[in-house]
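Shown here: final33.pdb, PDB, C-alpha atoms.
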ATOM      1  CA  MET A   1       0.000   0.000   0.000
ATOM      2  CA  ALA A   2       2.844   2.377   0.855
ATOM      3  CA  ARG A   3       4.274   1.817  -2.644
ATOM      4  CA  VAL A   4       0.918   2.496  -4.343
ATOM      5  CA  ALA A   5       0.394   5.653  -2.267
ATOM      6  CA  GLY A   6       3.982   6.791  -2.821
ATOM      7  CA  VAL A   7       4.664   7.270   0.891
ATOM      8  CA  SER A   8       6.667   5.450   3.569
ATOM      9  CA  LYS A   9       5.321   2.496   5.577
ATOM     10  CA  ASN A  10       5.692   4.624   8.694
ATOM     11  CA  THR A  11       3.383   7.285   7.207
ATOM     12  CA  VAL A  12       0.774   4.635   6.355
ATOM     13  CA  SER A  13       1.037   3.261   9.892
ATOM     14  CA  ARG A  14       0.541   6.723  11.389
ATOM     15  CA  TYR A  15      -2.508   7.265   9.174
ATOM     16  CA  LEU A  16      -4.103   3.920  10.067
ATOM     17  CA  ASN A  17      -3.517   4.463  13.776
ATOM     18  CA  ASN A  18      -4.341   8.176  13.711
ATOM     19  CA  ARG A  19      -0.993   9.148  15.226
ATOM     20  CA  GLY A  20       1.023  12.275  14.457
ATOM     21  CA  TYR A  21       0.515  14.975  11.849
ATOM     22  CA  ILE A  22      -0.216  14.010   8.238
ATOM     23  CA  SER A  23      -1.227  16.572   5.627
ATOM     24  CA  GLN A  24      -4.709  16.315   4.139
ATOM     25  CA  LYS A  25      -3.217  15.698   0.697
ATOM     26  CA  THR A  26      -1.247  12.705   2.024
ATOM     27  CA  ARG A  27      -4.305  11.422   3.875
ATOM     28  CA  ASP A  28      -6.341  11.552   0.672
ATOM     29  CA  THR A  29      -3.602   9.744  -1.252
ATOM     30  CA  ILE A  30      -3.387   6.941   1.335
ATOM     31  CA  GLN A  31      -7.169   6.567   1.426
ATOM     32  CA  GLU A  32      -7.261   6.286  -2.363
ATOM     33  CA  ALA A  33      -4.696   3.471  -2.141
ATOM     34  CA  ILE A  34      -6.763   1.745   0.566
ATOM     35  CA  ASP A  35      -9.881   1.929  -1.624
ATOM     36  CA  LEU A  36      -7.996   0.729  -4.691
ATOM     37  CA  LEU A  37      -6.464  -2.269  -2.922
ATOM     38  CA  HIS A  38      -9.584  -3.036  -0.808
ATOM     39  CA  TYR A  39      -7.306  -3.069   2.218
ATOM     40  CA  GLN A  40      -8.720  -4.403   5.502
ATOM     41  CA  PRO A  41      -6.521  -3.904   8.581
ATOM     42  CA  ASN A  42      -5.815  -6.841  10.867
ATOM     43  CA  GLN A  43      -7.783  -5.790  13.948
ATOM     44  CA  ILE A  44      -5.955  -8.169  16.287
ATOM     45  CA  ALA A  45      -2.497  -7.018  15.177
ATOM     46  CA  ARG A  46      -3.659  -3.420  15.230
ATOM     47  CA  GLY A  47      -5.028  -3.943  18.728
ATOM     48  CA  LEU A  48      -1.683  -5.223  19.951
ATOM     49  CA  TYR A  49      -0.105  -2.009  18.674
ATOM     50  CA  THR A  50      -2.732   0.485  19.828
ATOM     51  CA  GLY A  51      -3.993  -1.346  22.916
ATOM     52  CA  HIS A  52      -7.558  -1.258  21.514
ATOM     53  CA  THR A  53      -9.455  -3.396  18.995
ATOM     54  CA  ASN A  54     -12.739  -1.447  19.182
ATOM     55  CA  LEU A  55     -14.488  -4.801  19.564
ATOM     56  CA  VAL A  56     -16.996  -5.551  22.334
ATOM     57  CA  GLY A  57     -18.544  -8.943  23.058
ATOM     58  CA  LEU A  58     -22.210  -9.356  24.028
ATOM     59  CA  VAL A  59     -22.875 -12.701  25.731
ATOM     60  CA  ILE A  60     -26.553 -13.689  25.985
ATOM     61  CA  PRO A  61     -28.393 -17.003  26.464
ATOM     62  CA  ASP A  62     -30.832 -16.836  23.529
ATOM     63  CA  VAL A  63     -30.980 -14.216  20.777
ATOM     64  CA  ILE A  64     -34.471 -15.422  19.764
ATOM     65  CA  GLN A  65     -35.885 -14.424  23.163
ATOM     66  CA  PRO A  66     -37.467 -10.969  22.658
ATOM     67  CA  PHE A  67     -35.836  -9.303  25.688
ATOM     68  CA  PHE A  68     -32.325 -10.271  24.584
ATOM     69  CA  ALA A  69     -33.032  -9.615  20.901
ATOM     70  CA  THR A  70     -34.243  -6.097  21.708
ATOM     71  CA  MET A  71     -31.314  -5.412  24.035
ATOM     72  CA  ALA A  72     -28.836  -6.703  21.429
ATOM     73  CA  PHE A  73     -30.294  -4.330  18.826
ATOM     74  CA  HIS A  74     -30.007  -1.263  21.058
ATOM     75  CA  ILE A  75     -26.558  -2.188  22.436
ATOM     76  CA  GLU A  76     -25.201  -2.606  18.892
ATOM     77  CA  GLU A  77     -26.654   0.801  17.975
ATOM     78  CA  GLU A  78     -24.997   2.456  20.995
ATOM     79  CA  LEU A  79     -21.641   0.798  20.325
ATOM     80  CA  HIS A  80     -21.775   1.820  16.657
ATOM     81  CA  LYS A  81     -22.332   5.468  17.637
ATOM     82  CA  ARG A  82     -19.105   5.309  19.647
ATOM     83  CA  GLY A  83     -16.994   3.618  16.983
ATOM     84  CA  TYR A  84     -17.159   0.059  18.361
ATOM     85  CA  LYS A  85     -18.235  -3.176  16.694
ATOM     86  CA  MET A  86     -20.226  -5.822  18.554
ATOM     87  CA  ILE A  87     -19.479  -9.546  18.562
ATOM     88  CA  LEU A  88     -22.727 -11.388  19.378
ATOM     89  CA  CYS A  89     -22.155 -14.535  21.446
ATOM     90  CA  ASP A  90     -25.344 -16.614  21.749
ATOM     91  CA  THR A  91     -24.639 -19.359  24.288
ATOM     92  CA  VAL A  92     -27.889 -21.246  23.540
ATOM     93  CA  TYR A  93     -28.044 -22.118  27.258
ATOM     94  CA  SER A  94     -24.656 -23.907  27.232
ATOM     95  CA  GLN A  95     -22.197 -23.022  29.988
ATOM     96  CA  ASP A  96     -19.394 -24.762  28.076
ATOM     97  CA  LYS A  97     -20.223 -22.678  25.020
ATOM     98  CA  GLU A  98     -20.176 -19.543  27.158
ATOM     99  CA  ARG A  99     -16.745 -20.394  28.571
ATOM    100  CA  GLY A 100     -15.511 -20.834  25.005
ATOM    101  CA  TYR A 101     -16.881 -17.435  24.030
ATOM    102  CA  LEU A 102     -15.315 -15.712  27.040
ATOM    103  CA  ASP A 103     -11.942 -17.330  26.274
ATOM    104  CA  MET A 104     -12.249 -16.284  22.616
ATOM    105  CA  LEU A 105     -13.099 -12.665  23.476
ATOM    106  CA  GLU A 106     -10.115 -12.361  25.800
ATOM    107  CA  ALA A 107      -7.765 -14.137  23.381
ATOM    108  CA  HIS A 108      -8.793 -11.758  20.595
ATOM    109  CA  LYS A 109      -8.290  -8.766  22.892
ATOM    110  CA  ALA A 110     -11.879  -7.531  22.881
ATOM    111  CA  ASP A 111     -11.910  -4.142  24.582
ATOM    112  CA  GLY A 112     -14.802  -5.154  26.823
ATOM    113  CA  ILE A 113     -17.576  -7.672  27.443
ATOM    114  CA  ILE A 114     -21.280  -7.250  28.209
ATOM    115  CA  ILE A 115     -22.752 -10.322  29.910
ATOM    116  CA  GLY A 116     -26.437 -11.164  30.240
ATOM    117  CA  SER A 117     -26.165 -14.962  30.181
ATOM    118  CA  HIS A 118     -27.792 -17.190  32.818
ATOM    119  CA  SER A 119     -24.962 -19.573  33.686
ATOM    120  CA  THR A 120     -24.711 -20.467  37.366
ATOM    121  CA  ASP A 121     -21.200 -21.885  37.854
ATOM    122  CA  ILE A 122     -18.846 -19.500  36.027
ATOM    123  CA  ASP A 123     -16.526 -17.290  38.095
ATOM    124  CA  TYR A 124     -16.826 -13.978  36.258
ATOM    125  CA  SER A 125     -14.501 -12.213  38.678
ATOM    126  CA  ASN A 126     -11.548 -13.872  36.890
ATOM    127  CA  ILE A 127     -12.231 -12.052  33.608
ATOM    128  CA  LYS A 128      -9.439  -9.556  32.924
ATOM    129  CA  SER A 129     -11.325  -7.457  30.364
ATOM    130  CA  PRO A 130     -13.718  -4.686  31.444
ATOM    131  CA  VAL A 131     -17.168  -6.200  32.058
ATOM    132  CA  VAL A 132     -20.695  -4.860  32.527
ATOM    133  CA  ALA A 133     -23.604  -7.109  33.508
ATOM    134  CA  LEU A 134     -27.007  -6.913  31.840
ATOM    135  CA  ASP A 135     -29.663  -7.607  34.485
ATOM    136  CA  ARG A 136     -27.394 -10.124  36.235
ATOM    137  CA  ASN A 137     -25.574 -10.099  39.567
ATOM    138  CA  LEU A 138     -22.289 -11.611  38.392
ATOM    139  CA  SER A 139     -19.849 -10.374  41.040
ATOM    140  CA  ASP A 140     -19.462  -7.635  43.631
ATOM    141  CA  THR A 141     -16.776  -6.125  41.377
ATOM    142  CA  ILE A 142     -18.848  -6.062  38.160
ATOM    143  CA  PRO A 143     -21.337  -3.208  37.605
ATOM    144  CA  VAL A 144     -24.889  -4.252  36.717
ATOM    145  CA  VAL A 145     -27.469  -2.300  34.703
ATOM    146  CA  HIS A 146     -31.126  -3.219  35.102
ATOM    147  CA  ALA A 147     -34.688  -1.940  35.129
ATOM    148  CA  ASP A 148     -36.386  -0.832  38.334
ATOM    149  CA  HIS A 149     -38.036  -4.196  38.966
ATOM    150  CA  GLU A 150     -39.212  -3.126  42.393
ATOM    151  CA  HIS A 151     -41.293  -0.341  40.841
ATOM    152  CA  GLY A 152     -42.471  -2.736  38.149
ATOM    153  CA  GLY A 153     -43.608  -5.384  40.631
ATOM    154  CA  ARG A 154     -45.458  -2.803  42.708
ATOM    155  CA  ALA A 155     -47.240  -1.353  39.647
ATOM    156  CA  VAL A 156     -48.355  -4.800  38.485
ATOM    157  CA  ALA A 157     -49.629  -5.716  41.952
ATOM    158  CA  GLN A 158     -51.715  -2.555  42.039
ATOM    159  CA  ALA A 159     -53.241  -3.477  38.669
ATOM    160  CA  PHE A 160     -54.343  -6.871  40.045
ATOM    161  CA  ILE A 161     -55.731  -5.238  43.169
ATOM    162  CA  ASN A 162     -57.646  -2.677  41.124
ATOM    163  CA  HIS A 163     -59.012  -5.422  38.867
ATOM    164  CA  GLY A 164     -60.432  -7.225  41.904
ATOM    165  CA  CYS A 165     -58.535 -10.504  41.542
ATOM    166  CA  HIS A 166     -58.965 -13.128  44.272
ATOM    167  CA  SER A 167     -56.564 -15.925  43.266
ATOM    168  CA  VAL A 168     -53.328 -15.197  41.383
ATOM    169  CA  VAL A 169     -50.397 -17.170  39.968
ATOM    170  CA  GLN A 170     -47.081 -15.616  38.963
ATOM    171  CA  PHE A 171     -44.274 -17.226  36.966
ATOM    172  CA  MET A 172     -40.657 -16.477  37.781
ATOM    173  CA  GLY A 173     -37.322 -17.563  36.321
ATOM    174  CA  TYR A 174     -34.908 -20.097  37.759
ATOM    175  CA  SER A 175     -34.132 -18.896  41.289
ATOM    176  CA  LEU A 176     -30.454 -19.952  41.291
ATOM    177  CA  VAL A 177     -29.740 -17.374  38.577
ATOM    178  CA  ARG A 178     -28.960 -14.255  40.598
ATOM    179  CA  THR A 179     -30.732 -11.419  38.839
ATOM    180  CA  PRO A 180     -32.272  -8.103  39.936
ATOM    181  CA  SER A 181     -35.493  -9.159  38.176
ATOM    182  CA  ALA A 182     -36.296 -11.400  41.163
ATOM    183  CA  GLN A 183     -37.236  -8.209  43.024
ATOM    184  CA  ARG A 184     -40.404  -7.781  40.974
ATOM    185  CA  HIS A 185     -41.746 -11.169  42.059
ATOM    186  CA  ARG A 186     -40.971 -10.564  45.726
ATOM    187  CA  VAL A 187     -42.622  -7.129  45.692
ATOM    188  CA  PHE A 188     -45.601  -8.426  43.707
ATOM    189  CA  SER A 189     -46.397 -11.254  46.141
ATOM    190  CA  ASP A 190     -45.793  -9.022  49.178
ATOM    191  CA  GLN A 191     -48.205  -6.377  47.912
ATOM    192  CA  LEU A 192     -50.919  -8.948  47.194
ATOM    193  CA  ALA A 193     -50.441 -10.510  50.625
ATOM    194  CA  ARG A 194     -51.088  -7.126  52.240
ATOM    195  CA  HIS A 195     -54.485  -7.156  50.538
ATOM    196  CA  ALA A 196     -55.153 -10.789  51.489
ATOM    197  CA  ILE A 197     -54.976 -11.976  47.886
ATOM    198  CA  PRO A 198     -53.467 -15.492  47.586
ATOM    199  CA  CYS A 199     -50.548 -15.645  45.163
ATOM    200  CA  GLU A 200     -48.789 -18.845  44.128
ATOM    201  CA  THR A 201     -45.344 -18.594  42.532
ATOM    202  CA  ILE A 202     -44.350 -21.141  39.885
ATOM    203  CA  GLU A 203     -40.621 -21.344  39.103
ATOM    204  CA  LEU A 204     -39.549 -22.151  35.558
ATOM    205  CA  ASP A 205     -36.717 -24.499  34.643
ATOM    206  CA  HIS A 206     -33.214 -23.160  34.079
ATOM    207  CA  ASN A 207     -32.944 -21.327  30.735
ATOM    208  CA  GLN A 208     -36.526 -22.132  29.755
ATOM    209  CA  PHE A 209     -37.196 -19.652  26.947
ATOM    210  CA  GLU A 210     -38.924 -21.621  24.158
ATOM    211  CA  PHE A 211     -42.519 -20.661  23.374
ATOM    212  CA  GLY A 212     -43.524 -24.309  22.819
ATOM    213  CA  THR A 213     -42.674 -25.141  26.417
ATOM    214  CA  TYR A 214     -44.624 -22.065  27.546
ATOM    215  CA  LEU A 215     -47.748 -23.443  25.852
ATOM    216  CA  GLU A 216     -47.294 -26.687  27.805
ATOM    217  CA  VAL A 217     -46.839 -24.701  31.023
ATOM    218  CA  ALA A 218     -49.996 -22.687  30.239
ATOM    219  CA  ASP A 219     -52.088 -25.822  29.692
ATOM    220  CA  ARG A 220     -50.800 -27.354  32.912
ATOM    221  CA  LEU A 221     -51.603 -24.130  34.770
ATOM    222  CA  LEU A 222     -55.173 -23.993  33.480
ATOM    223  CA  ASP A 223     -55.705 -27.709  34.192
ATOM    224  CA  GLU A 224     -54.376 -27.561  37.744
ATOM    225  CA  HIS A 225     -55.692 -24.099  38.731
ATOM    226  CA  PRO A 226     -59.209 -23.850  37.269
ATOM    227  CA  ASN A 227     -60.257 -21.183  39.774
ATOM    228  CA  ILE A 228     -57.505 -18.592  39.288
ATOM    229  CA  ASP A 229     -58.512 -15.181  37.994
ATOM    230  CA  GLY A 230     -55.067 -13.591  37.540
ATOM    231  CA  VAL A 231     -51.693 -14.473  35.977
ATOM    232  CA  PHE A 232     -48.472 -12.428  36.047
ATOM    233  CA  ALA A 233     -45.521 -13.473  33.887
ATOM    234  CA  SER A 234     -43.006 -12.226  31.338
ATOM    235  CA  ASP A 235     -44.623 -11.345  28.018
ATOM    236  CA  LEU A 236     -44.070 -14.630  26.168
ATOM    237  CA  ILE A 237     -45.442 -16.749  29.020
ATOM    238  CA  ALA A 238     -48.331 -14.338  29.501
ATOM    239  CA  LEU A 239     -49.142 -14.591  25.784
ATOM    240  CA  ALA A 240     -48.983 -18.396  25.935
ATOM    241  CA  VAL A 241     -51.459 -18.396  28.846
ATOM    242  CA  GLN A 242     -53.718 -15.953  27.006
ATOM    243  CA  ARG A 243     -53.687 -18.074  23.850
ATOM    244  CA  GLN A 244     -54.558 -21.298  25.667
ATOM    245  CA  ALA A 245     -57.167 -19.593  27.859
ATOM    246  CA  LEU A 246     -58.954 -18.099  24.848
ATOM    247  CA  ALA A 247     -58.881 -21.503  23.132
ATOM    248  CA  ARG A 248     -60.771 -22.899  26.135
ATOM    249  CA  GLY A 249     -63.416 -20.184  25.974
ATOM    250  CA  ILE A 250     -62.109 -18.277  29.004
ATOM    251  CA  ALA A 251     -62.814 -14.551  28.718
ATOM    252  CA  VAL A 252     -59.714 -12.376  28.903
ATOM    253  CA  PRO A 253     -59.465 -10.093  30.854
ATOM    254  CA  ASP A 254     -62.939 -10.432  32.429
ATOM    255  CA  ASP A 255     -62.555 -13.983  33.780
ATOM    256  CA  LEU A 256     -58.757 -14.171  33.675
ATOM    257  CA  PHE A 257     -56.661 -11.034  34.103
ATOM    258  CA  ILE A 258     -53.216 -11.487  32.515
ATOM    259  CA  PHE A 259     -50.355  -9.022  32.934
ATOM    260  CA  GLY A 260     -46.977  -9.242  31.200
ATOM    261  CA  TYR A 261     -43.492  -7.912  31.815
ATOM    262  CA  ASP A 262     -40.786  -6.772  29.365
ATOM    263  CA  GLY A 263     -42.655  -4.667  26.798
ATOM    264  CA  SER A 264     -40.715  -5.743  23.718
ATOM    265  CA  TYR A 265     -42.408  -5.801  20.305
ATOM    266  CA  VAL A 266     -44.263  -9.068  21.038
ATOM    267  CA  HIS A 267     -46.799  -7.553  23.424
ATOM    268  CA  GLN A 268     -48.135  -5.464  20.508
ATOM    269  CA  THR A 269     -48.909  -8.541  18.386
ATOM    270  CA  CYS A 270     -51.867  -9.989  20.305
ATOM    271  CA  TRP A 271     -55.579  -9.420  20.822
ATOM    272  CA  PRO A 272     -56.929  -8.567  23.288
ATOM    273  CA  PRO A 273     -54.024  -6.230  24.094
ATOM    274  CA  LEU A 274     -51.645  -7.451  26.793
ATOM    275  CA  PRO A 275     -51.004  -4.968  29.603
ATOM    276  CA  THR A 276     -47.312  -5.074  30.437
ATOM    277  CA  ILE A 277     -44.373  -3.356  32.081
ATOM    278  CA  ILE A 278     -42.022  -1.870  29.487
ATOM    279  CA  GLN A 279     -38.355  -2.203  30.328
ATOM    280  CA  PRO A 280     -36.220   0.825  29.323
ATOM    281  CA  TYR A 281     -34.271  -0.903  26.545
ATOM    282  CA  GLU A 282     -32.705   2.150  24.911
ATOM    283  CA  LYS A 283     -31.725   3.763  28.217
ATOM    284  CA  MET A 284     -30.269   0.520  29.571
ATOM    285  CA  ALA A 285     -28.246   0.025  26.383
ATOM    286  CA  SER A 286     -26.925   3.585  26.546
ATOM    287  CA  ILE A 287     -25.829   3.254  30.177
ATOM    288  CA  ILE A 288     -24.325  -0.220  29.637
ATOM    289  CA  VAL A 289     -22.142   1.072  26.814
ATOM    290  CA  GLU A 290     -21.263   4.266  28.673
ATOM    291  CA  VAL A 291     -20.190   2.367  31.802
ATOM    292  CA  LEU A 292     -18.203  -0.151  29.743
ATOM    293  CA  ILE A 293     -16.345   2.517  27.746
ATOM    294  CA  ARG A 294     -15.451   4.374  30.935
ATOM    295  CA  GLN A 295     -13.823   1.157  32.168
ATOM    296  CA  ILE A 296     -12.069   0.647  28.833
ATOM    297  CA  GLU A 297     -10.625   4.155  29.157
ATOM    298  CA  GLY A 298      -9.307   3.338  32.612
ATOM    299  CA  GLU A 299     -11.841   5.091  34.808
ATOM    300  CA  PRO A 300     -12.722   3.281  38.072
ATOM    301  CA  CYS A 301     -16.320   2.221  38.698
ATOM    302  CA  THR A 302     -17.827   4.440  41.390
ATOM    303  CA  THR A 303     -21.248   2.743  41.202
ATOM    304  CA  MET A 304     -21.965  -0.969  40.915
ATOM    305  CA  ASP A 305     -25.739  -0.797  40.468
ATOM    306  CA  TYR A 306     -27.576   1.227  37.789
ATOM    307  CA  CYS A 307     -31.364   1.058  38.209
ATOM    308  CA  ILE A 308     -33.565   2.600  35.499
ATOM    309  CA  ASP A 309     -37.284   3.269  35.807
ATOM    310  CA  VAL A 310     -39.926   1.299  33.904
ATOM    311  CA  THR A 311     -43.213   2.360  32.330
ATOM    312  CA  VAL A 312     -46.648   0.713  32.266
ATOM    313  CA  ALA A 313     -48.264  -0.014  28.904
TER     314      ALA A 313
END

Show me this structure written as structure tokens.
Amino acid sequence: MARVAGVSKNTVSRYLNNRGYISQKTRDTIQEAIDLLHYQPNQIARGLYTGHTNLVGLVIPDVIQPFFATMAFHIEEELHKRGYKMILCDTVYSQDKERGYLDMLEAHKADGIIIGSHSTDIDYSNIKSPVVALDRNLSDTIPVVHADHEHGGRAVAQAFINHGCHSVVQFMGYSLVRTPSAQRHRVFSDQLARHAIPCETIELDHNQFEFGTYLEVADRLLDEHPNIDGVFASDLIALAVQRQALARGIAVPDDLFIFGYDGSYVHQTCWPPLPTIIQPYEKMASIIVEVLIRQIEGEPCTTMDYCIDVTVA
């Protein structure tokens, strides 16, 4: 490339790494050579020289799941605005696969890692790269960004109270996965108890995200709890319950009041409309990237918990 541009290799290196003064004429000449030769820099080698690869890994358990798909979209947008590229690592519920991804990201000198996976036996405190957790409590030394689940749980409980429900079931994720989202279930059941409304909590299996299994769970719920008049769950489970209830001739929401949580695009696809709590996807993505880049630039973390308010749809 230096030969084609008619400049020294050192000048090309300074241009590629944005170091030192280079005249605009020389810059234009080098860029013309890059375009002519279709040159693509080796990001790993460049990272060894500059100390940065401008690559960030996002580790999630299932990209098909609407919450993670929506977060991945907004995180990629935020990283792109700041000159970073995102490497999407979909673990598909495998802890071995996740370990492989984490090793790969560190070996390829990713500048940072965002982790929202649901593994239960990985020691994240050993990761040397800057890390931010997405709605997960990974370690006391890793900052976590999450929605205000306490507010969300309280708002949902009030909706059930206002609706006049007398017997409620809520679905929650696998309890051994330490996540701030557990707060919404605790607050929800506590608020109902204060109004003497029975609430049974059903815990899902580890990494249970497939809609087909939610339909089975919904049928089992309706078979075993014929007298319930309220269900609280994340949007996909809530929609599975609504679908199976309507198929049985149960009136929604008059006979069975169903309330979701997440507020991704899926809650807009059903009829009757599903009331839900909307998580602040764009704001969470912005703060996740901001906190991660501050770490990448060497700033210490002064806060380990970033809680962002939710809205009711």

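The nearest approach to Gln158 of chain A among the residues A:Leu134, A:Ile60, A:Val144, A:Val312, with all atoms listed in the file taken into account, belongs to A:Val312.
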
Residues within 10 Å of (-39.1, -16.7, 38.5), file coordinates, counting all atoms listed in the file: what are they? Give the list as an mmCIF file with C-alpha atoms, in the coordinates of the input.
data_model
loop_
_atom_site.group_PDB
_atom_site.id
_atom_site.type_symbol
_atom_site.label_atom_id
_atom_site.label_comp_id
_atom_site.auth_asym_id
_atom_site.auth_seq_id
_atom_site.Cartn_x
_atom_site.Cartn_y
_atom_site.Cartn_z
ATOM 1 C CA GLN A 170 -47.081 -15.616 38.963
ATOM 2 C CA PHE A 171 -44.274 -17.226 36.966
ATOM 3 C CA MET A 172 -40.657 -16.477 37.781
ATOM 4 C CA GLY A 173 -37.322 -17.563 36.321
ATOM 5 C CA TYR A 174 -34.908 -20.097 37.759
ATOM 6 C CA SER A 175 -34.132 -18.896 41.289
ATOM 7 C CA LEU A 176 -30.454 -19.952 41.291
ATOM 8 C CA VAL A 177 -29.740 -17.374 38.577
ATOM 9 C CA THR A 179 -30.732 -11.419 38.839
ATOM 10 C CA SER A 181 -35.493 -9.159 38.176
ATOM 11 C CA ALA A 182 -36.296 -11.400 41.163
ATOM 12 C CA GLN A 183 -37.236 -8.209 43.024
ATOM 13 C CA ARG A 184 -40.404 -7.781 40.974
ATOM 14 C CA HIS A 185 -41.746 -11.169 42.059
ATOM 15 C CA ARG A 186 -40.971 -10.564 45.726
ATOM 16 C CA THR A 201 -45.344 -18.594 42.532
ATOM 17 C CA ILE A 202 -44.350 -21.141 39.885
ATOM 18 C CA GLU A 203 -40.621 -21.344 39.103
ATOM 19 C CA LEU A 204 -39.549 -22.151 35.558
ATOM 20 C CA ASP A 205 -36.717 -24.499 34.643
ATOM 21 C CA HIS A 206 -33.214 -23.160 34.079
ATOM 22 C CA ALA A 233 -45.521 -13.473 33.887
ATOM 23 C CA SER A 234 -43.006 -12.226 31.338
#

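Coordinates place atom CA of Ile288 of chain A at a distance of 9.6 Å from atom CA of Val131 of chain A.
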
Selection result for the PyMOL selection byres ((chain A and resi 197) around 12) on this file, as JSON, numbers by chain: {"A": [157, 158, 160, 161, 162, 163, 164, 165, 166, 167, 168, 169, 188, 189, 190, 191, 192, 193, 194, 195, 196, 198, 199, 200, 228, 229, 230]}

Nearby residues (only C-alpha atoms) at most 8 Å from Leu215 of chain A, same-chain spacing under 2 positions excluded, as a ChimeraX atom specification: /A:211-213,217-219,237,240-241,244

Contacts of His80 of chain A at 12 Å or less, counting all atoms listed in the file, minus same-chain residues fewer than 2 places along, as a ChimeraX atom specification? /A:54-56,73-78,82-87,285-286,289

Return as a PyMOL selection string the set of residues that the PyMOL selection byres ((chain A and resi 119) around 12) yields on the displayed structure. chain A and resi 59-61+91-99+115-118+120-124+136-138+174-179+206-207

Nearby residues (only C-alpha atoms) at most 9 Å from segment 258-261 of chain A, same-chain spacing under 6 positions excluded, as a PyMOL selection string: chain A and resi 152+156+159-160+229-239+241-242+252+267+274-279

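The spacing separating atom CA of Gly249 of chain A from atom CA of Pro273 of chain A amounts to 16.9 Å.
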
One decimal place gives the atom CA of Pro280 of chain A-atom CA of His146 of chain A separation as 8.7 Å

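The smallest atom-to-atom distance between Arg220 of chain A and any of A:Ser23, A:Ala245, A:Asn126, A:His38, using all atoms listed in the file, is found for A:Ala245.
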
Reference answer for the PyMOL selection byres ((chain A and resi 110) around 9), as a ChimeraX atom specification: /A:44,47,52-57,87,104-109,111-113,129
